[in-house]
Amino acid sequence: MFNDILKNPQALATILSNPKTILEICILWYGTYKIFLFLKGTKAVYLLRGLIFLVLAFSVFQLAGLFVLSYLLTKLLGIYLILIIVIFQPELREGLIRLGKGHLFPLIEPRQEDIERTLRAIKAAAENLSRKKHGALIAMKKEIGLKSYIESGVAINSEISAELLGSIFYPSGPLHDGGVIVEGSKVAAAACLFPLSDDSGLDKTLGMRHRCGLGLSEHSDALVIIVSEETGTISLAINGQLSRDLSPDDLYTILRGQFVHQR
């Protein structure tokens, strides 16, 4: 059917001239884009790639007339979809929650000045903590919600500042263990529990903070800043990759590229 339409420019022009068709194409495109954006930075994206591979293989088998393989692949595809629902139940639940709250398709983006103020506070805090060798673990939320991790800590819900972050990670403070989660221009919670990294090949010299920071970046699209208590070095975890020995200016540049230029 689609081949016939593509071979007939007049029929294609007739379809595209219909305002309803244009609207449907835009809705499908935007919905697909937001789904991929939601899955970005999670393990679910690899499962989605596997699903696309199975669909493409099924199409090839159909065109080649390999009906036995097509039948077996149809059964496998059904099992695969069930596995998606079972294995990624938390991600699916989070997506439905965000859809119900109206955050899956946001119409209002953070203000430029709020983003800049947040990034300057993060930079100043990282610089101060690094100089004093106060260990720190700060996660910055992007698209994927961190509600379950926020609930594991102590609610703060306060405007971010370098002074607030410095007091949270003061060594004798009650909230210095665990991580801080930043949502927009607010510190959502402190003393949060982050998952350990699944990477068995990590450098053995990395401590618990680095492993937890990497772990959260593997399970979400959050950016995680880690300040070492032993050396005072600043590191940044993004999508399971760790950048080490960053200067405060380097950190600010990377964060600005992630939160400002994506808009």
# chains A, B, ... in the order shown; residues from 1 in each chain; ligands from 1

$ select_by_dssp --residues "stretch 172-241 of chain A" --states "alpha helix (DSSP H)" --output "PyMOL selection string"
chain A and resi 208-219

$ residues_around --residues "A:Ser59" --least-positions-apart "4" --cutoff "12 Å" --atoms "only C-alpha atoms" --output "list of chain:residue names"
A:Ile52, A:Phe53, A:Leu54, A:Val55, A:Leu63, A:Ala64, A:Gly65, A:Leu66, A:Phe67, A:Leu69, A:Ser70, A:Tyr71, A:Leu73, A:Thr74

$ atom_distance --atom1 "atom CA of A:Ile115" --atom2 "atom CA of A:Ser243"
21.9 Å

$ closest_residue --among "A:Glu24, A:Glu218, A:Asp199, A:Glu183" --to "A:Glu143" --atoms "only C-alpha atoms"
A:Glu183
